[in-house]
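Structure file my_file-v2.tsv; described as TSV, C-alpha atoms and all ligand atoms.
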chain	number	residue	atom	x	y	z
A	1157	MET	CA	88.88	136.44	95.93
A	1158	SER	CA	86.86	136.76	92.74
A	1159	ASP	CA	83.71	138.80	92.60
A	1160	GLU	CA	80.91	139.14	90.08
A	1161	SER	CA	82.75	141.86	88.14
A	1162	ASP	CA	85.72	139.72	87.07
A	1163	ALA	CA	84.04	136.32	87.11
A	1164	ALA	CA	84.35	136.11	83.31
A	1165	ASN	CA	88.09	135.59	83.82
A	1166	ASN	CA	87.59	132.75	86.27
A	1167	GLN	CA	87.88	129.08	85.42
A	1168	PRO	CA	85.39	127.96	84.35
A	1169	ALA	CA	84.32	131.37	83.04
A	1170	GLY	CA	81.62	132.86	85.25
A	1171	TYR	CA	82.45	130.71	88.26
A	1172	VAL	CA	81.99	132.46	91.59
A	1173	PRO	CA	82.58	130.47	94.79
A	1174	PRO	CA	79.21	129.95	96.52
A	1175	ALA	CA	78.72	131.15	100.09
A	1176	VAL	CA	78.90	127.56	101.33
A	1177	TRP	CA	80.97	124.85	99.64
A	1178	THR	CA	79.23	121.57	98.91
A	1179	TRP	CA	80.69	118.29	97.70
A	1180	ASP	CA	80.56	117.87	93.92
A	1181	LYS	CA	81.29	114.18	93.48
A	1182	ALA	CA	82.04	114.62	89.79
A	1183	ASN	CA	84.80	117.22	90.12
A	1184	GLY	CA	87.10	115.18	87.90
A	1185	GLY	CA	90.84	114.63	87.78
A	1186	GLN	CA	92.86	111.49	88.33
A	1187	PHE	CA	92.32	110.05	91.84
A	1188	ALA	CA	89.28	112.31	92.41
A	1189	HIS	CA	87.12	109.25	93.06
A	1190	ILE	CA	88.92	108.45	96.33
A	1191	ASN	CA	88.58	111.96	97.77
A	1192	ARG	CA	85.90	112.73	100.33
A	1193	PRO	CA	85.42	115.76	102.60
A	1194	VAL	CA	85.07	113.52	105.67
A	1195	SER	CA	87.33	111.05	107.44
A	1196	GLY	CA	86.70	107.58	108.82
A	1197	ALA	CA	86.09	104.04	107.63
A	1198	THR	CA	83.82	103.18	104.71
A	1199	HIS	CA	83.78	99.45	105.38
A	1200	ASP	CA	84.61	96.84	108.04
A	1201	LYS	CA	87.73	94.85	107.31
A	1202	ALA	CA	90.61	93.78	109.53
A	1203	LEU	CA	94.20	94.18	108.37
A	1204	PRO	CA	96.31	91.07	107.81
A	1205	VAL	CA	99.12	90.38	110.30
A	1206	GLY	CA	102.20	88.40	109.31
A	1207	LYS	CA	105.01	86.74	111.22
A	1208	HIS	CA	107.37	89.67	111.80
A	1209	PRO	CA	107.37	92.29	114.58
A	1210	LEU	CA	106.88	95.13	112.11
A	1211	GLN	CA	103.75	95.17	109.96
A	1212	LEU	CA	103.75	97.78	107.21
A	1213	TYR	CA	100.60	98.72	105.28
A	1214	SER	CA	101.67	100.70	102.27
A	1215	LEU	CA	102.10	101.28	98.54
A	1216	GLY	CA	105.24	102.05	96.53
A	1217	THR	CA	104.72	105.81	96.26
A	1218	PRO	CA	107.41	108.27	97.42
A	1219	ASN	CA	105.87	108.39	100.92
A	1220	GLY	CA	105.60	104.60	101.10
A	1221	VAL	CA	109.08	103.95	99.76
A	1222	LYS	CA	110.65	106.08	102.50
A	1223	VAL	CA	109.73	103.35	104.97
A	1224	THR	CA	110.71	100.32	102.90
A	1225	ILE	CA	114.09	101.88	102.13
A	1226	MET	CA	114.59	102.59	105.84
A	1227	LEU	CA	113.68	99.00	106.77
A	1228	GLU	CA	115.99	97.57	104.10
A	1229	GLU	CA	118.80	99.90	105.27
A	1230	LEU	CA	118.27	98.74	108.87
A	1231	LEU	CA	118.38	95.08	107.83
A	1232	ALA	CA	121.48	95.69	105.70
A	1233	ALA	CA	123.11	97.31	108.74
A	1234	GLY	CA	122.44	94.13	110.75
A	1235	HIS	CA	119.33	95.15	112.73
A	1236	ARG	CA	117.47	91.84	112.61
A	1237	GLY	CA	114.59	93.25	114.67
A	1238	ALA	CA	113.68	95.30	111.60
A	1239	GLU	CA	112.28	92.26	109.77
A	1240	TYR	CA	108.92	93.21	108.36
A	1241	ASP	CA	105.87	92.23	106.40
A	1242	ALA	CA	104.86	94.80	103.79
A	1243	TRP	CA	101.20	94.49	102.87
A	1244	LEU	CA	99.77	96.17	99.82
A	1245	ILE	CA	97.18	98.91	100.34
A	1246	LYS	CA	95.52	99.70	97.02
A	1247	ILE	CA	94.55	103.31	97.53
A	1248	ALA	CA	92.78	103.52	94.16
A	1249	ASP	CA	90.46	100.76	95.43
A	1250	GLY	CA	89.86	102.52	98.78
A	1251	ASP	CA	91.77	100.04	101.00
A	1252	GLN	CA	92.87	102.98	103.18
A	1253	PHE	CA	89.26	103.40	104.29
A	1254	SER	CA	88.89	99.95	105.88
A	1255	SER	CA	88.17	99.89	109.62
A	1256	GLY	CA	91.48	98.09	110.18
A	1257	PHE	CA	93.52	100.69	108.34
A	1258	VAL	CA	91.74	103.64	109.94
A	1259	ALA	CA	92.56	102.16	113.36
A	1260	VAL	CA	96.28	102.35	112.46
A	1261	ASN	CA	96.04	105.70	110.68
A	1262	PRO	CA	92.93	107.84	111.26
A	1263	ASN	CA	94.13	110.00	108.36
A	1264	SER	CA	93.61	107.11	105.87
A	1265	LYS	CA	96.90	107.56	104.04
A	1266	ILE	CA	99.77	105.18	103.46
A	1267	PRO	CA	102.28	104.42	104.90
A	1268	ALA	CA	101.11	103.06	108.25
A	1269	LEU	CA	103.05	100.79	110.60
A	1270	MET	CA	102.20	98.54	113.53
A	1271	ASP	CA	105.04	97.55	115.84
A	1272	HIS	CA	104.08	94.25	117.50
A	1273	SER	CA	107.34	94.05	119.44
A	1274	THR	CA	105.80	96.38	122.05
A	1275	ASN	CA	102.99	95.48	124.44
A	1276	PRO	CA	100.48	96.71	123.49
A	1277	PRO	CA	101.50	97.13	119.84
A	1278	THR	CA	102.41	100.67	118.80
A	1279	ARG	CA	100.75	102.33	115.83
A	1280	VAL	CA	102.85	104.76	113.79
A	1281	PHE	CA	101.57	106.94	110.96
A	1282	GLU	CA	102.97	109.82	108.87
A	1283	SER	CA	106.08	108.78	106.97
A	1284	GLY	CA	108.31	111.27	108.80
A	1285	SER	CA	107.12	109.96	112.16
A	1286	ILE	CA	107.72	106.37	111.02
A	1287	LEU	CA	111.29	107.19	109.95
A	1288	PHE	CA	111.97	108.91	113.27
A	1289	TYR	CA	110.37	106.04	115.23
A	1290	LEU	CA	112.49	103.41	113.48
A	1291	ALA	CA	115.65	105.53	113.75
A	1292	GLU	CA	115.14	105.90	117.51
A	1293	LYS	CA	114.13	102.28	118.01
A	1294	PHE	CA	117.25	100.93	116.33
A	1295	GLY	CA	119.64	103.82	117.04
A	1296	ALA	CA	120.46	104.19	113.36
A	1297	PHE	CA	120.46	106.83	110.60
A	1298	LEU	CA	119.85	109.58	113.17
A	1299	PRO	CA	123.00	111.19	114.59
A	1300	THR	CA	123.37	111.31	118.36
A	1301	GLU	CA	125.44	114.49	118.37
A	1302	HIS	CA	122.99	117.29	119.17
A	1303	ARG	CA	123.78	119.70	116.35
A	1304	LYS	CA	123.72	116.97	113.68
A	1305	ARG	CA	120.58	115.41	115.13
A	1306	THR	CA	118.86	118.79	115.01
A	1307	GLU	CA	120.01	119.33	111.43
A	1308	THR	CA	118.61	115.90	110.51
A	1309	MET	CA	115.23	116.84	111.97
A	1310	ASN	CA	115.40	120.24	110.25
A	1311	TRP	CA	115.64	118.56	106.87
A	1312	LEU	CA	113.15	115.80	107.70
A	1313	MET	CA	110.56	118.41	108.67
A	1314	TRP	CA	111.49	120.47	105.60
A	1315	GLN	CA	110.68	117.49	103.42
A	1316	MET	CA	107.37	116.77	105.13
A	1317	GLY	CA	106.31	120.40	104.80
A	1318	SER	CA	107.66	121.03	101.29
A	1319	ALA	CA	106.78	117.95	99.22
A	1320	PRO	CA	103.00	118.55	99.29
A	1321	PHE	CA	103.60	121.68	97.17
A	1322	VAL	CA	105.41	119.46	94.67
A	1323	GLY	CA	103.01	116.48	94.70
A	1324	GLY	CA	99.66	118.00	95.63
A	1325	GLY	CA	100.52	121.27	93.91
A	1326	PHE	CA	102.79	120.94	90.88
A	1327	GLY	CA	102.23	117.23	90.15
A	1328	HIS	CA	98.49	117.53	90.52
A	1329	PHE	CA	98.06	120.47	88.17
A	1330	TYR	CA	100.77	119.44	85.67
A	1331	ALA	CA	99.82	115.77	85.37
A	1332	TYR	CA	96.57	114.84	87.10
A	1333	ALA	CA	94.07	117.73	86.86
A	1334	PRO	CA	91.31	117.21	84.27
A	1335	PHE	CA	92.71	120.06	82.09
A	1336	LYS	CA	95.80	122.29	82.07
A	1337	MET	CA	95.63	125.63	83.87
A	1338	GLU	CA	98.46	128.11	83.45
A	1339	TYR	CA	98.07	129.90	86.80
A	1340	PRO	CA	98.48	126.92	89.18
A	1341	ILE	CA	101.09	125.24	86.96
A	1342	ASN	CA	103.19	128.42	87.02
A	1343	ARG	CA	102.72	128.93	90.72
A	1344	PHE	CA	103.74	125.40	91.67
A	1345	ALA	CA	106.51	125.08	89.05
A	1346	MET	CA	108.04	128.20	90.61
A	1347	GLU	CA	107.86	126.69	94.09
A	1348	THR	CA	109.14	123.29	92.93
A	1349	LYS	CA	112.16	124.88	91.23
A	1350	ARG	CA	112.81	127.00	94.32
A	1351	GLN	CA	112.89	123.83	96.43
A	1352	LEU	CA	115.20	122.09	93.94
A	1353	HIS	CA	117.52	125.09	94.21
A	1354	VAL	CA	117.45	124.92	98.02
A	1355	LEU	CA	118.62	121.30	97.83
A	1356	ASP	CA	121.17	121.92	95.08
A	1357	THR	CA	122.73	124.81	97.00
A	1358	HIS	CA	122.96	122.76	100.19
A	1359	LEU	CA	124.40	119.72	98.44
A	1360	ALA	CA	127.09	121.82	96.77
A	1361	ASP	CA	128.83	121.88	100.16
A	1362	ASN	CA	127.58	118.64	101.71
A	1363	GLU	CA	127.93	115.03	100.59
A	1364	TYR	CA	124.60	114.15	102.22
A	1365	MET	CA	121.90	116.35	103.72
A	1366	VAL	CA	123.70	116.27	107.08
A	1367	GLY	CA	127.34	116.59	106.11
A	1368	ASP	CA	129.08	113.27	105.58
A	1369	GLU	CA	126.44	111.17	107.37
A	1370	TYR	CA	123.62	109.34	105.53
A	1371	THR	CA	120.46	109.84	107.61
A	1372	ILE	CA	116.68	109.58	107.58
A	1373	ALA	CA	116.70	113.09	106.05
A	1374	ASP	CA	118.38	111.69	102.91
A	1375	ILE	CA	115.87	108.82	102.74
A	1376	ALA	CA	112.87	111.15	103.08
A	1377	ILE	CA	114.13	113.70	100.58
A	1378	TRP	CA	115.47	111.23	98.02
A	1379	THR	CA	112.18	109.44	97.44
A	1380	TRP	CA	110.49	112.69	96.41
A	1381	TYR	CA	113.20	114.77	94.81
A	1382	GLY	CA	114.97	111.79	93.25
A	1383	ALA	CA	111.65	110.99	91.56
A	1384	ILE	CA	111.24	114.59	90.40
A	1385	LEU	CA	114.72	114.52	88.86
A	1386	ARG	CA	114.24	111.18	87.11
A	1387	GLU	CA	110.67	110.28	86.20
A	1388	ALA	CA	107.82	111.84	88.17
A	1389	TYR	CA	105.03	113.52	86.20
A	1390	GLY	CA	107.11	113.42	82.97
A	1391	ALA	CA	108.21	116.93	83.93
A	1392	GLN	CA	112.01	116.68	83.84
A	1393	GLU	CA	112.47	118.79	80.71
A	1394	PHE	CA	109.77	121.24	81.82
A	1395	LEU	CA	111.58	121.81	85.12
A	1396	SER	CA	115.10	121.80	83.53
A	1397	VAL	CA	116.23	119.34	86.19
A	1398	HIS	CA	119.67	118.94	84.56
A	1399	GLU	CA	120.54	122.38	85.99
A	1400	TYR	CA	120.75	120.99	89.52
A	1401	VAL	CA	124.20	119.43	89.25
A	1402	HIS	CA	124.86	118.78	92.94
A	1403	LEU	CA	121.38	117.40	93.50
A	1404	ASN	CA	121.85	115.07	90.51
A	1405	ARG	CA	125.12	113.79	92.01
A	1406	TRP	CA	123.40	113.02	95.34
A	1407	VAL	CA	120.34	111.41	93.66
A	1408	ASP	CA	122.62	109.00	91.75
A	1409	ALA	CA	124.71	108.19	94.83
A	1410	ILE	CA	121.66	107.20	96.88
A	1411	ALA	CA	120.03	105.30	93.99
A	1412	ALA	CA	123.17	103.11	93.84
A	1413	ARG	CA	122.74	101.78	97.40
A	1414	ASP	CA	121.60	98.13	97.48
A	1415	ALA	CA	119.08	98.75	100.27
A	1416	VAL	CA	117.57	101.59	98.26
A	1417	LYS	CA	117.28	99.35	95.20
A	1418	ARG	CA	115.43	96.79	97.29
A	1419	GLY	CA	113.28	99.24	99.24
A	1420	ARG	CA	112.01	101.06	96.18
A	1421	LYS	CA	110.60	97.80	94.75
A	1422	VAL	CA	108.48	96.90	97.76
A	1423	ASN	CA	104.74	97.49	97.37
A	1424	ARG	CA	105.36	98.80	93.87
A	1425	THR	CA	102.59	97.81	91.47
A	1426	PHE	CA	103.43	100.01	88.50
A	1427	GLY	CA	106.33	100.40	86.08
A	1428	PRO	CA	108.26	97.55	84.42
A	1429	PRO	CA	107.60	94.14	86.08
A	1430	GLU	CA	111.25	93.77	87.18
A	1431	THR	CA	110.87	96.94	89.31
A	1432	GLN	CA	107.90	95.54	91.26
A	1433	LEU	CA	107.51	93.46	94.41
A	1434	ALA	CA	103.85	93.83	95.40
A	1435	GLU	CA	104.31	92.41	98.92
A	1436	ARG	CA	107.39	91.58	100.95
A	1437	HIS	CA	107.26	89.01	103.74
A	1438	ASP	CA	110.79	87.67	103.69
A	1439	ALA	CA	114.24	88.73	102.46
A	1440	SER	CA	114.09	85.85	99.98
A	1441	ASP	CA	111.14	87.52	98.23
A	1442	PHE	CA	113.70	89.58	96.34
A	1443	ASP	CA	115.34	86.42	94.95
A	1444	ASP	CA	112.71	85.89	92.28
A	1445	ASP	CA	113.18	89.25	90.63
A	1446	ASN	CA	115.97	90.68	88.49
A	1447	SER	CA	117.46	92.80	91.26
A	1448	ALA	CA	121.24	92.97	91.44
A	1449	ALA	CA	120.85	93.47	95.18
A	1450	THR	CA	121.84	90.80	97.68
A	1451	PRO	CA	119.34	90.01	100.45
A	1452	PRO	CA	120.59	91.22	103.83
A	1453	GLY	CA	122.50	88.55	105.74
A	1501	LIG	N1	101.96	113.26	105.08
A	1501	LIG	C1	101.66	111.89	104.76
A	1501	LIG	C2	101.17	111.82	103.35
A	1501	LIG	C3	100.77	110.43	102.96
A	1501	LIG	C4	100.03	110.40	101.63
A	1501	LIG	O1	99.67	111.44	101.06
A	1501	LIG	N2	99.77	109.18	101.15
A	1501	LIG	C5	99.03	109.03	99.91
A	1501	LIG	C6	99.84	108.21	98.91
A	1501	LIG	S1	101.44	108.91	98.63
A	1501	LIG	C7	97.74	108.29	100.17
A	1501	LIG	O2	97.70	107.37	100.96
A	1501	LIG	N3	96.65	108.70	99.52
A	1501	LIG	C8	95.38	108.06	99.66
A	1501	LIG	C9	94.27	109.04	99.87
A	1501	LIG	O3	94.51	110.26	99.85
A	1501	LIG	O4	93.13	108.60	100.06
A	1501	LIG	C10	102.92	111.04	104.95
A	1501	LIG	O5	104.01	111.53	104.63
A	1501	LIG	O6	102.81	109.90	105.43
Write the structure described by the file as structure tokens, please.
Amino acid sequence: MSDESDAANNQPAGYVPPAVWTWDKANGGQFAHINRPVSGATHDKALPVGKHPLQLYSLGTPNGVKVTIMLEELLAAGHRGAEYDAWLIKIADGDQFSSGFVAVNPNSKIPALMDHSTNPPTRVFESGSILFYLAEKFGAFLPTEHRKRTETMNWLMWQMGSAPFVGGGFGHFYAYAPFKMEYPINRFAMETKRQLHVLDTHLADNEYMVGDEYTIADIAIWTWYGAILREAYGAQEFLSVHEYVHLNRWVDAIAARDAVKRGRKVNRTFGPPETQLAERHDASDFDDDNSAATPPG
């Protein structure tokens, strides 16, 4: 903790944390305008409900794409009950603070899922919980053998606990903060590279995260660490991502799956137009784009 004697070294120079923190609405940085120190709805608005049992409210970020990849994998594997509507939640516009969204996820973050095949409908929030829910519901992408199932959950929980240091830590300070600060960039680059090394070491001896079986752990980890290796934050050279040979092999193998190609497009509203499908309500929605993927039959 800083004190008056070294406050000249603080950023900004002279800053000393006050005894009681108060909300400075103009604290800057990309996305700062959607942050508040309180939870709850800001406006009354119901969520739309489509024709399928599963209603997803999301956006094509790494956390959102986990779920759309899982749903596309389930459909590709023949689980017709996994048909879904994917509605767009524009977080930059504050859609996550509508009364309807808050009722599905009191934490106001995408992705959020309503399962209308149960009575009453089941709400599911937190991307890791959604993956686990769908894996259990359909008996897919989660091994039944105890040791492998435990290892799947080990890596799923690892992802949920680790990625915030990459996104909220490294990505925030490297790409989104209002100015560059050496201390947090160094701290979180160190942690991000440590995590990349954890994955690279594990994948040197394993085809997938859980041996030879593709699971929800691969889906959860790929959306984040595949992005870090390929495009996220424009930091690939900075992080020397080419060093992680085994991780690169696994990232490419998963990116080549048809369901992954489809899932990563859903609710995506940025990047080249051919990579985007703002909402998905039917398998045929993919027909209009340039995807090489075949809709699930
Ligand atoms: N731990 C959550 C994190 C979800 C999350 O951070 N979602 C972000 C987009 S990737 C969001 O909705 N942000 C909106 C906000 O913070 O208001 C999960 O994995 O589901």
task = Tell me which protein, DNA and RNA residues are within 9 Å of A:Asp1271, counting all atoms listed in the file, leaving out same-chain ones fewer than 6 positions away, and put them as a list in words.
result =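 In the requested format, the answer is Pro1209, Leu1210, Gln1211, Leu1212, Pro1277, Thr1278, Arg1279 and Val1280 of chain A.
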Give me a file of those residues, with C-alpha atoms, as a PDB file, in the frame of the given file.
ATOM      1  CA  PRO A1209     107.370  92.290 114.580  1.00  0.00           C
ATOM      2  CA  LEU A1210     106.880  95.130 112.110  1.00  0.00           C
ATOM      3  CA  GLN A1211     103.750  95.170 109.960  1.00  0.00           C
ATOM      4  CA  LEU A1212     103.750  97.780 107.210  1.00  0.00           C
ATOM      5  CA  PRO A1277     101.500  97.130 119.840  1.00  0.00           C
ATOM      6  CA  THR A1278     102.410 100.670 118.800  1.00  0.00           C
ATOM      7  CA  ARG A1279     100.750 102.330 115.830  1.00  0.00           C
ATOM      8  CA  VAL A1280     102.850 104.760 113.790  1.00  0.00           C
TER       9      VAL A1280
END
From (95.8, 103.0, 114.9), in the file's coordinates, out to 10 Å: which residues are reached, counting all atoms listed in the file? Answer as a short mmCIF file (atom, residue, chain, number, x, y, z; two decimals) with C-alpha atoms, in the frame of the given file.
data_model
loop_
_atom_site.label_atom_id
_atom_site.label_comp_id
_atom_site.auth_asym_id
_atom_site.auth_seq_id
_atom_site.Cartn_x
_atom_site.Cartn_y
_atom_site.Cartn_z
CA SER A 1255 88.17 99.89 109.62
CA GLY A 1256 91.48 98.09 110.18
CA PHE A 1257 93.52 100.69 108.34
CA VAL A 1258 91.74 103.64 109.94
CA ALA A 1259 92.56 102.16 113.36
CA VAL A 1260 96.28 102.35 112.46
CA ASN A 1261 96.04 105.70 110.68
CA PRO A 1262 92.93 107.84 111.26
CA ASN A 1263 94.13 110.00 108.36
CA ALA A 1268 101.11 103.06 108.25
CA LEU A 1269 103.05 100.79 110.60
CA MET A 1270 102.20 98.54 113.53
CA PRO A 1277 101.50 97.13 119.84
CA THR A 1278 102.41 100.67 118.80
CA ARG A 1279 100.75 102.33 115.83
CA VAL A 1280 102.85 104.76 113.79
CA PHE A 1281 101.57 106.94 110.96
#
message = At a cut-off of 7 Å around ligand LIG 1501 (chain A), and using all atoms listed in the file, what residues come up? Please write them as a ChimeraX atom specification.
response = /A:1190-1191,1217-1220,1247,1252,1264-1267,1281-1284,1316
inquiry  = Report, in Å to a single decimal, how far apart atom CA of A:Ser1254 and atom CA of A:Ala1202 are.
reply    = 7.4 Å
Spatial sel., origin (113.3, 102.0, 116.4), limit 12 Å, only C-alpha atoms, listed as a count of residues only = 31
inquiry  = Which residue is closest to A:Leu1403? Choose from A:Gln1351, A:Thr1178, A:Thr1300, A:Asn1310 and count all atoms listed in the file.
reply    =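 Closest residue, counting all atoms listed in the file: A:Gln1351.
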task = Find the residues near A:Ala1391: any atom within 9 Å, counting only C-alpha atoms, skip ones fewer than 5 places away on the same chain, and give them as number ranges by chain.
result = A: 1327, 1330-1331, 1384-1386, 1396-1397
Would you save the residues from that selection as an mmCIF file, in the coordinates of the input, using C-alpha atoms?
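Result saved to part_8.cif:
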data_model
loop_
_atom_site.group_PDB
_atom_site.id
_atom_site.type_symbol
_atom_site.label_atom_id
_atom_site.label_comp_id
_atom_site.auth_asym_id
_atom_site.auth_seq_id
_atom_site.Cartn_x
_atom_site.Cartn_y
_atom_site.Cartn_z
ATOM 1 C CA GLY A 1327 102.230 117.230 90.150
ATOM 2 C CA TYR A 1330 100.770 119.440 85.670
ATOM 3 C CA ALA A 1331 99.820 115.770 85.370
ATOM 4 C CA ILE A 1384 111.240 114.590 90.400
ATOM 5 C CA LEU A 1385 114.720 114.520 88.860
ATOM 6 C CA ARG A 1386 114.240 111.180 87.110
ATOM 7 C CA SER A 1396 115.100 121.800 83.530
ATOM 8 C CA VAL A 1397 116.230 119.340 86.190
#
task = Check the smallest atom-to-atom distance from each of A:Arg1305, A:Arg1405, A:Arg1418, A:His1328 to A:Ala1345 using only C-alpha atoms, then report the winner.
result =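 Using only C-alpha atoms, A:Ala1345 sits closest to A:His1328.
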Nearest to A:Arg1343, chosen from A:Asn1404, A:Ala1188, A:Asp1356, A:Gly1325, with all atoms listed in the file counted in the distances =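 Of A:Asn1404, A:Ala1188, A:Asp1356, A:Gly1325, the one nearest A:Arg1343, counting all atoms listed in the file, is A:Gly1325.
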ask   = What does the distance from atom CA of A:Phe1187 to atom CA of A:Asp1249 come to in Å, to one decimal?
value =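 Computing the Euclidean distance for atom CA of A:Phe1187 and atom CA of A:Asp1249 yields 10.1 Å.
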note = Residue with the minimum atom-to-atom distance to A:Ala1415, picked from A:Ala1439, A:Val1205, A:Val1194, A:Ala1319 with all atoms listed in the file counted, is A:Ala1439
request  = Quick one: pull the distance between atom CA of A:Asp1162 and atom CA of A:Glu1347, Å, one decimal.
outcome  =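 Result for atom CA of A:Asp1162 versus atom CA of A:Glu1347: 26.6 Å, one decimal.
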Shell of 8 Å around stretch 1357-1367 of chain A, all atoms listed in the file, local chain residues under 3 positions omitted, as a JSON list (two decimals) with C-alpha atoms, keeping the file's coordinate frame:
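Generated output (around24.json):
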[["chain", "number", "residue", "atom", "x", "y", "z"],
["A", 1304, "LYS", "CA", 123.72, 116.97, 113.68],
["A", 1307, "GLU", "CA", 120.01, 119.33, 111.43],
["A", 1308, "THR", "CA", 118.61, 115.90, 110.51],
["A", 1311, "TRP", "CA", 115.64, 118.56, 106.87],
["A", 1353, "HIS", "CA", 117.52, 125.09, 94.21],
["A", 1354, "VAL", "CA", 117.45, 124.92, 98.02],
["A", 1370, "TYR", "CA", 123.62, 109.34, 105.53],
["A", 1371, "THR", "CA", 120.46, 109.84, 107.61],
["A", 1373, "ALA", "CA", 116.70, 113.09, 106.05],
["A", 1374, "ASP", "CA", 118.38, 111.69, 102.91],
["A", 1402, "HIS", "CA", 124.86, 118.78, 92.94],
["A", 1403, "LEU", "CA", 121.38, 117.40, 93.50],
["A", 1406, "TRP", "CA", 123.40, 113.02, 95.34]]
request  = Name all residues at most 10 Å from A:Ser1318 (count only C-alpha atoms; drop same-chain ones fewer than 5 positions away) and give them as a ChimeraX atom specification.
outcome  = /A:1312-1313,1323,1347-1348,1351,1377
request  = For A:Ile1245, work out the shell of residues within 7 Å, counting only C-alpha atoms and skipping chain neighbours fewer than 3 positions away, then give it as a count of residues only.
outcome  = 5
